[in-house]
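Asks: The structure file structure-v8.pdb (PDB, C-alpha atoms, pLDDT in the B column) is provided below.
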MODEL        1
ATOM      1  CA  GLU A   1      -4.397   9.955 -14.312  1.00 90.00           C
ATOM      2  CA  ILE A   2      -3.899   8.899 -10.689  1.00 94.00           C
ATOM      3  CA  VAL A   3      -4.064  11.616  -8.014  1.00 96.00           C
ATOM      4  CA  MET A   4      -2.295  11.179  -4.688  1.00 97.00           C
ATOM      5  CA  THR A   5      -3.701  12.900  -1.591  1.00 98.00           C
ATOM      6  CA  GLN A   6      -1.807  13.080   1.695  1.00 98.00           C
ATOM      7  CA  SER A   7      -3.195  13.827   5.138  1.00 96.00           C
ATOM      8  CA  PRO A   8      -2.833  15.793   7.230  1.00 97.00           C
ATOM      9  CA  ASP A   9      -1.140  18.751   5.560  1.00 98.00           C
ATOM     10  CA  THR A  10       0.691  19.496   8.812  1.00 98.00           C
ATOM     11  CA  LEU A  11       1.243  17.199  11.777  1.00 98.00           C
ATOM     12  CA  TYR A  12       2.386  18.583  15.125  1.00 98.00           C
ATOM     13  CA  MET A  13       4.238  16.027  17.246  1.00 97.00           C
ATOM     14  CA  SER A  14       6.791  15.857  20.027  1.00 97.00           C
ATOM     15  CA  PRO A  15      10.131  13.983  19.989  1.00 97.00           C
ATOM     16  CA  GLY A  16       9.687  10.402  21.120  1.00 97.00           C
ATOM     17  CA  GLU A  17       6.079  10.194  19.936  1.00 97.00           C
ATOM     18  CA  ARG A  18       4.777   7.886  17.205  1.00 98.00           C
ATOM     19  CA  ALA A  19       3.780   9.618  13.968  1.00 98.00           C
ATOM     20  CA  THR A  20       1.346   8.275  11.389  1.00 98.00           C
ATOM     21  CA  LEU A  21       1.129   9.877   7.943  1.00 98.00           C
ATOM     22  CA  SER A  22      -1.471   8.886   5.352  1.00 98.00           C
ATOM     23  CA  CYS A  23      -1.525   8.766   1.569  1.00 98.00           C
ATOM     24  CA  ARG A  24      -4.516   7.914  -0.603  1.00 98.00           C
ATOM     25  CA  ALA A  25      -4.541   7.075  -4.317  1.00 97.00           C
ATOM     26  CA  SER A  26      -7.511   7.986  -6.520  1.00 96.00           C
ATOM     27  CA  GLN A  27      -7.516   4.410  -7.863  1.00 96.00           C
ATOM     28  CA  SER A  28      -5.858   1.168  -6.897  1.00 96.00           C
ATOM     29  CA  ILE A  29      -2.091   1.077  -7.336  1.00 95.00           C
ATOM     30  CA  GLY A  30      -1.458  -2.296  -5.705  1.00 93.00           C
ATOM     31  CA  GLY A  31       1.674  -1.853  -3.632  1.00 94.00           C
ATOM     32  CA  LYS A  32       3.487   0.499  -6.006  1.00 95.00           C
ATOM     33  CA  LEU A  33       4.108   3.352  -3.582  1.00 97.00           C
ATOM     34  CA  ALA A  34       7.190   5.195  -2.384  1.00 98.00           C
ATOM     35  CA  TRP A  35       7.752   7.611   0.508  1.00 98.00           C
ATOM     36  CA  TYR A  36      10.335  10.399   0.598  1.00 98.00           C
ATOM     37  CA  GLN A  37      11.672  12.745   3.268  1.00 98.00           C
ATOM     38  CA  GLN A  38      12.786  16.283   2.470  1.00 98.00           C
ATOM     39  CA  ARG A  39      14.551  18.318   5.120  1.00 98.00           C
ATOM     40  CA  PRO A  40      14.776  22.118   4.714  1.00 95.00           C
ATOM     41  CA  GLY A  41      17.304  23.095   2.062  1.00 95.00           C
ATOM     42  CA  GLN A  42      17.988  19.494   1.057  1.00 98.00           C
ATOM     43  CA  SER A  43      17.069  17.210  -1.815  1.00 98.00           C
ATOM     44  CA  PRO A  44      14.449  14.528  -1.198  1.00 98.00           C
ATOM     45  CA  ARG A  45      15.552  11.148   0.138  1.00 98.00           C
ATOM     46  CA  LEU A  46      13.873   7.824  -0.597  1.00 98.00           C
ATOM     47  CA  LEU A  47      12.613   6.151   2.592  1.00 98.00           C
ATOM     48  CA  ILE A  48      10.257   3.383   1.464  1.00 97.00           C
ATOM     49  CA  TYR A  49       9.463   1.689  -1.858  1.00 96.00           C
ATOM     50  CA  ASP A  50       6.949  -1.015  -2.789  1.00 95.00           C
ATOM     51  CA  ALA A  51       4.816   0.361   0.076  1.00 96.00           C
ATOM     52  CA  PHE A  52       6.814  -1.332   2.826  1.00 97.00           C
ATOM     53  CA  ARG A  53      10.456  -1.956   1.779  1.00 97.00           C
ATOM     54  CA  ARG A  54      12.970   0.336   3.488  1.00 97.00           C
ATOM     55  CA  ALA A  55      15.556   1.908   1.216  1.00 96.00           C
ATOM     56  CA  THR A  56      19.244   1.401   1.909  1.00 94.00           C
ATOM     57  CA  GLY A  57      20.392   3.040   5.122  1.00 96.00           C
ATOM     58  CA  ILE A  58      16.938   4.012   6.374  1.00 97.00           C
ATOM     59  CA  PRO A  59      16.478   3.484  10.130  1.00 97.00           C
ATOM     60  CA  ALA A  60      14.080   0.794  11.322  1.00 98.00           C
ATOM     61  CA  ARG A  61      11.863   3.374  13.045  1.00 98.00           C
ATOM     62  CA  PHE A  62      10.462   4.166   9.578  1.00 98.00           C
ATOM     63  CA  SER A  63       7.891   1.683   8.310  1.00 98.00           C
ATOM     64  CA  GLY A  64       5.362   1.651   5.504  1.00 98.00           C
ATOM     65  CA  SER A  65       2.128  -0.253   5.099  1.00 98.00           C
ATOM     66  CA  GLY A  66      -0.967  -0.440   2.945  1.00 98.00           C
ATOM     67  CA  SER A  67      -2.094  -1.535  -0.486  1.00 97.00           C
ATOM     68  CA  GLY A  68      -4.664  -0.623  -3.083  1.00 96.00           C
ATOM     69  CA  THR A  69      -5.619   2.989  -2.339  1.00 97.00           C
ATOM     70  CA  GLU A  70      -4.685   3.517   1.322  1.00 98.00           C
ATOM     71  CA  PHE A  71      -1.117   3.763   2.598  1.00 98.00           C
ATOM     72  CA  THR A  72       0.593   4.743   5.836  1.00 98.00           C
ATOM     73  CA  LEU A  73       4.079   5.854   6.830  1.00 98.00           C
ATOM     74  CA  THR A  74       4.808   5.322  10.517  1.00 98.00           C
ATOM     75  CA  ILE A  75       7.732   6.769  12.444  1.00 98.00           C
ATOM     76  CA  SER A  76       7.831   4.815  15.670  1.00 95.00           C
ATOM     77  CA  SER A  77       9.703   7.259  17.922  1.00 95.00           C
ATOM     78  CA  LEU A  78      10.376  10.694  16.497  1.00 97.00           C
ATOM     79  CA  GLN A  79      13.918  12.004  16.532  1.00 97.00           C
ATOM     80  CA  SER A  80      14.787  15.679  16.059  1.00 96.00           C
ATOM     81  CA  GLU A  81      16.068  15.004  12.536  1.00 97.00           C
ATOM     82  CA  ASP A  82      12.716  13.512  11.487  1.00 98.00           C
ATOM     83  CA  PHE A  83      10.922  16.854  11.484  1.00 97.00           C
ATOM     84  CA  ALA A  84      10.675  17.468   7.763  1.00 98.00           C
ATOM     85  CA  VAL A  85       8.261  17.234   4.851  1.00 98.00           C
ATOM     86  CA  TYR A  86       7.175  13.783   3.654  1.00 98.00           C
ATOM     87  CA  TYR A  87       5.888  12.920   0.177  1.00 98.00           C
ATOM     88  CA  CYS A  88       4.295   9.816  -1.243  1.00 98.00           C
ATOM     89  CA  GLN A  89       4.538   8.883  -4.930  1.00 98.00           C
ATOM     90  CA  HIS A  90       2.858   6.129  -6.890  1.00 96.00           C
ATOM     91  CA  PHE A  91       4.544   3.901  -9.461  1.00 94.00           C
ATOM     92  CA  ASP A  92       1.491   2.288 -10.976  1.00 89.00           C
ATOM     93  CA  ASP A  93       1.904   0.519 -14.323  1.00 80.00           C
ATOM     94  CA  TRP A  94       2.477   3.577 -16.521  1.00 83.00           C
ATOM     95  CA  PRO A  95       3.607   7.151 -15.899  1.00 87.00           C
ATOM     96  CA  PRO A  96       2.866   9.902 -15.055  1.00 91.00           C
ATOM     97  CA  TRP A  97       3.955   8.965 -11.538  1.00 94.00           C
ATOM     98  CA  ALA A  98       2.541  11.742  -9.399  1.00 95.00           C
ATOM     99  CA  PHE A  99       3.608  12.847  -5.929  1.00 97.00           C
ATOM    100  CA  GLY A 100       1.215  13.718  -3.141  1.00 98.00           C
ATOM    101  CA  GLN A 101       1.148  17.316  -1.947  1.00 98.00           C
ATOM    102  CA  GLY A 102       3.251  16.526   1.125  1.00 98.00           C
ATOM    103  CA  THR A 103       2.816  16.371   4.890  1.00 98.00           C
ATOM    104  CA  LYS A 104       4.892  18.722   7.018  1.00 98.00           C
ATOM    105  CA  LEU A 105       5.923  17.170  10.331  1.00 98.00           C
ATOM    106  CA  GLU A 106       6.471  19.962  12.853  1.00 97.00           C
ATOM    107  CA  ILE A 107       7.578  20.032  16.471  1.00 95.00           C
ATOM    108  CA  LYS A 108       4.736  20.660  18.915  1.00 92.00           C
TER     109      LYS A 108
ATOM    110  CA  GLN B 109      29.395   6.531  -4.001  1.00 95.00           C
ATOM    111  CA  MET B 110      26.437   7.158  -6.282  1.00 96.00           C
ATOM    112  CA  GLN B 111      26.168  10.789  -7.296  1.00 98.00           C
ATOM    113  CA  LEU B 112      24.120  12.988  -9.609  1.00 98.00           C
ATOM    114  CA  VAL B 113      25.161  16.533 -10.491  1.00 98.00           C
ATOM    115  CA  GLU B 114      22.777  18.817 -12.354  1.00 98.00           C
ATOM    116  CA  SER B 115      23.815  21.861 -14.365  1.00 97.00           C
ATOM    117  CA  GLY B 116      22.403  24.289 -16.895  1.00 97.00           C
ATOM    118  CA  GLY B 117      19.969  26.260 -14.779  1.00 97.00           C
ATOM    119  CA  GLY B 118      19.710  30.027 -14.794  1.00 97.00           C
ATOM    120  CA  VAL B 119      17.502  32.983 -15.620  1.00 97.00           C
ATOM    121  CA  VAL B 120      15.668  32.851 -18.956  1.00 97.00           C
ATOM    122  CA  GLN B 121      12.991  34.962 -20.593  1.00 97.00           C
ATOM    123  CA  PRO B 122       9.485  33.592 -21.188  1.00 97.00           C
ATOM    124  CA  GLY B 123       9.221  31.731 -24.471  1.00 97.00           C
ATOM    125  CA  ARG B 124      12.908  30.867 -24.583  1.00 98.00           C
ATOM    126  CA  SER B 125      14.606  27.481 -24.183  1.00 98.00           C
ATOM    127  CA  LEU B 126      17.030  25.920 -21.723  1.00 98.00           C
ATOM    128  CA  ARG B 127      18.812  22.562 -21.595  1.00 98.00           C
ATOM    129  CA  LEU B 128      19.566  20.920 -18.266  1.00 98.00           C
ATOM    130  CA  SER B 129      22.196  18.205 -17.828  1.00 98.00           C
ATOM    131  CA  CYS B 130      22.702  15.650 -15.099  1.00 98.00           C
ATOM    132  CA  ALA B 131      26.009  13.805 -14.820  1.00 98.00           C
ATOM    133  CA  ALA B 132      25.930  10.454 -13.043  1.00 98.00           C
ATOM    134  CA  SER B 133      28.722   8.562 -11.325  1.00 97.00           C
ATOM    135  CA  GLY B 134      29.207   5.633  -8.977  1.00 97.00           C
ATOM    136  CA  PHE B 135      26.696   3.229 -10.532  1.00 96.00           C
ATOM    137  CA  ALA B 136      25.990   1.399 -13.797  1.00 97.00           C
ATOM    138  CA  PHE B 137      24.142   4.267 -15.457  1.00 97.00           C
ATOM    139  CA  ASN B 138      22.948   2.246 -18.459  1.00 95.00           C
ATOM    140  CA  ASN B 139      21.076  -0.196 -16.197  1.00 96.00           C
ATOM    141  CA  PHE B 140      18.626   2.301 -14.688  1.00 96.00           C
ATOM    142  CA  GLY B 141      15.803   4.563 -15.719  1.00 96.00           C
ATOM    143  CA  MET B 142      16.336   8.239 -14.986  1.00 97.00           C
ATOM    144  CA  HIS B 143      13.852  10.908 -13.883  1.00 98.00           C
ATOM    145  CA  TRP B 144      13.463  14.661 -13.743  1.00 98.00           C
ATOM    146  CA  ALA B 145      11.326  16.317 -11.081  1.00 98.00           C
ATOM    147  CA  ARG B 146      10.935  19.930  -9.980  1.00 98.00           C
ATOM    148  CA  GLN B 147       9.912  22.011  -6.994  1.00 98.00           C
ATOM    149  CA  ALA B 148       8.575  25.542  -7.322  1.00 98.00           C
ATOM    150  CA  PRO B 149       9.579  27.938  -4.521  1.00 97.00           C
ATOM    151  CA  GLY B 150       7.775  26.990  -1.321  1.00 96.00           C
ATOM    152  CA  LYS B 151       5.794  24.239  -3.064  1.00 98.00           C
ATOM    153  CA  GLY B 152       5.776  20.465  -3.260  1.00 98.00           C
ATOM    154  CA  LEU B 153       7.492  18.051  -5.602  1.00 98.00           C
ATOM    155  CA  GLU B 154       6.281  17.576  -9.184  1.00 98.00           C
ATOM    156  CA  TRP B 155       7.371  14.551 -11.224  1.00 97.00           C
ATOM    157  CA  LEU B 156       8.177  15.589 -14.802  1.00 98.00           C
ATOM    158  CA  ALA B 157       9.607  12.803 -16.928  1.00 97.00           C
ATOM    159  CA  VAL B 158      11.330   9.419 -17.068  1.00 96.00           C
ATOM    160  CA  VAL B 159      13.548   7.798 -19.681  1.00 96.00           C
ATOM    161  CA  TRP B 160      14.162   4.055 -19.671  1.00 96.00           C
ATOM    162  CA  HIS B 161      17.657   2.658 -19.239  1.00 96.00           C
ATOM    163  CA  ASP B 162      18.225   2.285 -22.970  1.00 95.00           C
ATOM    164  CA  GLY B 163      16.370   5.426 -24.047  1.00 94.00           C
ATOM    165  CA  SER B 164      13.664   3.370 -25.756  1.00 94.00           C
ATOM    166  CA  ASN B 165      10.739   4.843 -23.835  1.00 94.00           C
ATOM    167  CA  LYS B 166      10.037   8.298 -22.457  1.00 96.00           C
ATOM    168  CA  TYR B 167       7.057   9.510 -20.470  1.00 95.00           C
ATOM    169  CA  TYR B 168       6.000  12.967 -19.327  1.00 96.00           C
ATOM    170  CA  ALA B 169       3.720  14.809 -16.954  1.00 96.00           C
ATOM    171  CA  ASP B 170       0.806  16.538 -18.664  1.00 95.00           C
ATOM    172  CA  SER B 171       2.164  19.933 -17.588  1.00 96.00           C
ATOM    173  CA  VAL B 172       5.309  19.587 -19.734  1.00 97.00           C
ATOM    174  CA  ARG B 173       4.377  17.119 -22.476  1.00 96.00           C
ATOM    175  CA  GLY B 174       5.074  18.683 -25.868  1.00 97.00           C
ATOM    176  CA  ARG B 175       7.374  21.375 -24.423  1.00 98.00           C
ATOM    177  CA  PHE B 176      10.020  19.349 -22.550  1.00 98.00           C
ATOM    178  CA  THR B 177      12.098  16.453 -23.874  1.00 98.00           C
ATOM    179  CA  ILE B 178      14.081  13.994 -21.773  1.00 98.00           C
ATOM    180  CA  SER B 179      17.029  12.163 -23.305  1.00 98.00           C
ATOM    181  CA  ARG B 180      20.173  10.350 -22.239  1.00 98.00           C
ATOM    182  CA  ASP B 181      23.669   9.608 -23.485  1.00 98.00           C
ATOM    183  CA  ASN B 182      24.814   6.339 -21.943  1.00 97.00           C
ATOM    184  CA  SER B 183      28.318   6.800 -23.334  1.00 97.00           C
ATOM    185  CA  LYS B 184      28.637   9.950 -21.196  1.00 98.00           C
ATOM    186  CA  ASN B 185      26.543   8.829 -18.185  1.00 98.00           C
ATOM    187  CA  THR B 186      24.385  11.896 -18.637  1.00 98.00           C
ATOM    188  CA  VAL B 187      20.651  12.611 -18.785  1.00 98.00           C
ATOM    189  CA  PHE B 188      19.232  15.785 -20.278  1.00 98.00           C
ATOM    190  CA  LEU B 189      16.061  17.846 -20.089  1.00 98.00           C
ATOM    191  CA  GLN B 190      15.415  20.126 -23.053  1.00 98.00           C
ATOM    192  CA  MET B 191      12.905  22.772 -22.005  1.00 98.00           C
ATOM    193  CA  ASN B 192      11.219  24.835 -24.711  1.00 98.00           C
ATOM    194  CA  THR B 193       8.626  27.620 -24.655  1.00 97.00           C
ATOM    195  CA  LEU B 194       9.342  28.313 -20.990  1.00 98.00           C
ATOM    196  CA  ARG B 195       6.696  30.022 -18.857  1.00 97.00           C
ATOM    197  CA  GLY B 196       6.698  31.754 -15.492  1.00 97.00           C
ATOM    198  CA  ASP B 197       5.210  28.707 -13.798  1.00 97.00           C
ATOM    199  CA  ASP B 198       8.248  26.681 -14.891  1.00 98.00           C
ATOM    200  CA  THR B 199      10.297  28.601 -12.308  1.00 98.00           C
ATOM    201  CA  ALA B 200      11.587  25.931  -9.919  1.00 98.00           C
ATOM    202  CA  THR B 201      14.503  23.885  -8.710  1.00 98.00           C
ATOM    203  CA  TYR B 202      14.950  20.971 -11.094  1.00 98.00           C
ATOM    204  CA  TYR B 203      16.193  17.630  -9.804  1.00 98.00           C
ATOM    205  CA  CYS B 204      17.358  14.570 -11.649  1.00 98.00           C
ATOM    206  CA  ALA B 205      17.001  11.233  -9.905  1.00 98.00           C
ATOM    207  CA  LYS B 206      17.934   7.618 -10.497  1.00 97.00           C
ATOM    208  CA  GLY B 207      15.175   5.061 -10.755  1.00 94.00           C
ATOM    209  CA  GLY B 208      15.322   1.751  -8.940  1.00 89.00           C
ATOM    210  CA  ASP B 209      15.250  -0.408 -12.054  1.00 90.00           C
ATOM    211  CA  PRO B 210      15.604  -0.213 -15.857  1.00 86.00           C
ATOM    212  CA  ASP B 211      12.239   1.480 -16.416  1.00 83.00           C
ATOM    213  CA  GLY B 212      12.632   3.864 -13.516  1.00 80.00           C
ATOM    214  CA  SER B 213      10.065   2.458 -11.130  1.00 82.00           C
ATOM    215  CA  PHE B 214      10.620   1.163  -7.573  1.00 83.00           C
ATOM    216  CA  GLY B 215      11.292   4.649  -6.311  1.00 91.00           C
ATOM    217  CA  MET B 216      13.717   7.458  -7.089  1.00 96.00           C
ATOM    218  CA  ASP B 217      16.609   6.322  -4.961  1.00 96.00           C
ATOM    219  CA  VAL B 218      19.409   8.813  -5.693  1.00 97.00           C
ATOM    220  CA  TRP B 219      18.803  12.549  -6.157  1.00 98.00           C
ATOM    221  CA  GLY B 220      20.988  15.374  -7.330  1.00 98.00           C
ATOM    222  CA  GLN B 221      21.361  18.654  -5.488  1.00 98.00           C
ATOM    223  CA  GLY B 222      19.116  20.448  -7.964  1.00 98.00           C
ATOM    224  CA  THR B 223      19.589  23.330 -10.385  1.00 98.00           C
ATOM    225  CA  ALA B 224      17.486  26.502 -10.208  1.00 98.00           C
ATOM    226  CA  VAL B 225      15.577  27.821 -13.207  1.00 98.00           C
ATOM    227  CA  SER B 226      13.941  31.238 -13.136  1.00 98.00           C
ATOM    228  CA  VAL B 227      11.702  32.318 -16.003  1.00 98.00           C
ATOM    229  CA  SER B 228      11.346  36.069 -15.982  1.00 96.00           C
ATOM    230  CA  SER B 229      11.387  39.002 -18.361  1.00 92.00           C
TER     231      SER B 229
ENDMDL
END
Write the structure described by the file as structure tokens, please.
Replies:
Amino acid sequence: EIVMTQSPDTLYMSPGERATLSCRASQSIGGKLAWYQQRPGQSPRLLIYDAFRRATGIPARFSGSGSGTEFTLTISSLQSEDFAVYYCQHFDDWPPWAFGQGTKLEIK
Amino acid sequence: QMQLVESGGGVVQPGRSLRLSCAASGFAFNNFGMHWARQAPGKGLEWLAVVWHDGSNKYYADSVRGRFTISRDNSKNTVFLQMNTLRGDDTATYYCAKGGDPDGSFGMDVWGQGTAVSVSS
């Protein structure tokens, strides 16, 4: 079973800065990775799938990269609404399709 | 627009059962895999189960395999989660979500608002 590990657990940033969030898979998953954003009190929202493809309606400041076991979500210039919790999830060949534990993006 | 609405949550005693429903609208339900995930209070997301677009395949997380059953009724655009032998650590908000393709992969691209389940005596 594939385990997803995100780092850091909490990231303190200021609006306008560039944020880089990491996700590591315990074995190679090719490019089968998704990223989600969850704001307080809301349901998760798909940001990125296939490691780098933006979901419908997602702003261009969100980008994903990586393959194999190492993946990155980059937010190029943080807006106030971007401070939230971010999860990665793998979609390797067969389920279970685990989430990472999440990275909380907080205002510095 | 695409929408998912969960129902069926509530307070239940340990060892009892509960059936969650998720009604879909705004997309061709029978073309997409459907998921259930949950989030315990103050915790992260946990993927639970997926059912393929035609109901032919179902997969589960280890934590619920043998106790939970996912199913779907394409004639009613509804996906279900039958939860048996409930335990305290099943207390969570339960979400259904649409997959990006017939077997549910390519991300969970539409989520419901969630339904809360509390397992307590």
Asks: Go through chain A and flag each residue having an atom no more than 9 Å from chain B; for those, report the closest pair of atoms plus their distance in Å to one decimal, using all atoms listed in the file, ordered by chain and rising number, as CSV.
Replies:
residue,atom,partner,partner_atom,distance
A:Lys32,CA,B:Phe214,CA,7.3
A:Leu33,CA,B:Gly215,CA,7.8
A:Ala34,CA,B:Gly215,CA,5.7
A:Trp35,CA,B:Gly215,CA,8.2
A:Tyr36,CA,B:Met216,CA,8.9
A:Gln42,CA,B:Gln221,CA,7.4
A:Ser43,CA,B:Gln221,CA,5.8
A:Pro44,CA,B:Trp219,CA,6.9
A:Arg45,CA,B:Asp217,CA,7.1
A:Leu46,CA,B:Asp217,CA,5.4
A:Leu47,CA,B:Asp217,CA,8.5
A:Ile48,CA,B:Gly215,CA,7.9
A:Tyr49,CA,B:Gly215,CA,5.7
A:Asp50,CA,B:Phe214,CA,6.4
A:Ala55,CA,B:Asp217,CA,7.7
A:Thr56,CA,B:Asp217,CA,8.9
A:Tyr87,CA,B:Leu153,CA,7.9
A:Gln89,CA,B:Gly215,CA,8.1
A:His90,CA,B:Gly215,CA,8.6
A:Phe91,CA,B:Ser213,CA,5.9
A:Asp92,CA,B:Ser213,CA,8.6
A:Asp93,CA,B:Ser213,CA,9.0
A:Trp94,CA,B:Tyr167,CA,8.5
A:Pro95,CA,B:Tyr167,CA,6.2
A:Pro96,CA,B:Ala169,CA,5.3
A:Trp97,CA,B:Trp155,CA,6.6
A:Ala98,CA,B:Trp155,CA,5.9
A:Phe99,CA,B:Glu154,CA,6.3
A:Gly100,CA,B:Leu153,CA,8.0
A:Gln101,CA,B:Gly152,CA,5.7
A:Gly102,CA,B:Gly152,CA,6.4
Asks: What would the selection look like, as a PyMOL selection string, if the PyMOL selection byres ((chain A and resi 4-11) around 10) were run on the coordinates I just shared?
Replies: chain A and resi 1-3+12-13+19-27+69-72+83+85-90+97-108
Asks: Rounded to one decimal in Å, what is the spacing between CA of Met191 in chain B and CA of Ala132 in chain B?
Replies: 20.0 Å
Asks: Record the distance separating CA of Arg175 in chain B and CA of Thr193 in chain B, expressed in Å with one decimal.
Replies: 6.4 Å
Asks: If you measure from CA of Val225 in chain B to CA of Gly163 in chain B, what distance in Å do you get, rounded to one decimal?
Replies: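 Straight-line distance from CA of Val225 in chain B to CA of Gly163 in chain B works out to 24.9 Å.
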Asks: From the set B:Val159, B:Val227, B:Val172, B:Ala131, which residue has the shortest atom-to-atom contact distance to Gly207 in chain B, counting only C-alpha atoms?
Replies: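 Between B:Val159, B:Val227, B:Val172, B:Ala131, the residue approaching Gly207 in chain B most closely is B:Val159.
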Asks: With the file shown as input, list the residues that the PyMOL selection byres ((chain B and resi 186) around 8) selects, as an mmCIF file with C-alpha atoms, in the frame of the given file.
Replies:
data_model
loop_
_atom_site.group_PDB
_atom_site.id
_atom_site.type_symbol
_atom_site.label_atom_id
_atom_site.label_comp_id
_atom_site.auth_asym_id
_atom_site.auth_seq_id
_atom_site.Cartn_x
_atom_site.Cartn_y
_atom_site.Cartn_z
ATOM 1 C CA SER B 129 22.196 18.205 -17.828
ATOM 2 C CA CYS B 130 22.702 15.650 -15.099
ATOM 3 C CA ALA B 131 26.009 13.805 -14.820
ATOM 4 C CA ALA B 132 25.930 10.454 -13.043
ATOM 5 C CA ARG B 180 20.173 10.350 -22.239
ATOM 6 C CA ASP B 181 23.669 9.608 -23.485
ATOM 7 C CA ASN B 182 24.814 6.339 -21.943
ATOM 8 C CA SER B 183 28.318 6.800 -23.334
ATOM 9 C CA LYS B 184 28.637 9.950 -21.196
ATOM 10 C CA ASN B 185 26.543 8.829 -18.185
ATOM 11 C CA VAL B 187 20.651 12.611 -18.785
ATOM 12 C CA PHE B 188 19.232 15.785 -20.278
#
Asks: I need the residue set behind the PyMOL selection byres ((chain A and resi 59) around 12) for this file; please write it as a PDB file with C-alpha atoms, in the frame of the given file.
Replies:
ATOM      1  CA  LEU A  46      13.873   7.824  -0.597  1.00 98.00           C
ATOM      2  CA  LEU A  47      12.613   6.151   2.592  1.00 98.00           C
ATOM      3  CA  ILE A  48      10.257   3.383   1.464  1.00 97.00           C
ATOM      4  CA  ARG A  53      10.456  -1.956   1.779  1.00 97.00           C
ATOM      5  CA  ARG A  54      12.970   0.336   3.488  1.00 97.00           C
ATOM      6  CA  ALA A  55      15.556   1.908   1.216  1.00 96.00           C
ATOM      7  CA  THR A  56      19.244   1.401   1.909  1.00 94.00           C
ATOM      8  CA  GLY A  57      20.392   3.040   5.122  1.00 96.00           C
ATOM      9  CA  ILE A  58      16.938   4.012   6.374  1.00 97.00           C
ATOM     10  CA  ALA A  60      14.080   0.794  11.322  1.00 98.00           C
ATOM     11  CA  ARG A  61      11.863   3.374  13.045  1.00 98.00           C
ATOM     12  CA  PHE A  62      10.462   4.166   9.578  1.00 98.00           C
ATOM     13  CA  SER A  63       7.891   1.683   8.310  1.00 98.00           C
ATOM     14  CA  THR A  74       4.808   5.322  10.517  1.00 98.00           C
ATOM     15  CA  ILE A  75       7.732   6.769  12.444  1.00 98.00           C
ATOM     16  CA  SER A  76       7.831   4.815  15.670  1.00 95.00           C
ATOM     17  CA  SER A  77       9.703   7.259  17.922  1.00 95.00           C
ATOM     18  CA  LEU A  78      10.376  10.694  16.497  1.00 97.00           C
ATOM     19  CA  GLN A  79      13.918  12.004  16.532  1.00 97.00           C
ATOM     20  CA  GLU A  81      16.068  15.004  12.536  1.00 97.00           C
ATOM     21  CA  ASP A  82      12.716  13.512  11.487  1.00 98.00           C
TER      22      ASP A  82
END
Asks: Quick one: 6 Å padding each side, axis-aligned, all listed atoms of range 58-74 of chain A - centre and edge lengths in Å to one decimal, as AutoDock Vina command-line options?
Replies:
--center_x 5.7 --center_y 2.2 --center_z 5.0 --size_x 34.6 --size_y 19.4 --size_z 28.1
Asks: Report as a ChimeraX atom specification all protein, DNA and RNA residues lying within 7 Å of Pro210 in chain B, evaluated on only C-alpha atoms, omitting residues in the same chain fewer than 5 positions from it.
Replies: /B:139-141,160-161
Asks: What lies within 9 Å of Ser80 in chain A using only C-alpha atoms, ignoring chain neighbours under 6 positions off, as a list in words?
Replies: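 In the requested format, the answer is Ser14, Pro15, Gly16 and Ile107 of chain A.
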Asks: Which neighbours of Arg124 in chain B fall inside 8 Å, counting only C-alpha atoms, when residues of the same chain fewer than 4 positions from it are skipped, and could you give them as a ChimeraX atom specification?
Replies: /B:120,192-194
Asks: Point out the residue among B:Asp197, B:Glu114, B:Asp162, B:Asp209 with the least atom-to-atom distance to Trp144 in chain B, counting all atoms listed in the file.
Replies: B:Glu114
Asks: Nearest to Thr223 in chain B among B:Gly116, B:Gly174, B:Gly150, B:Gly134, with distances taken over all atoms listed in the file: which residue is it?
Replies: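 Closest to Thr223 in chain B, using all atoms listed in the file: B:Gly116.
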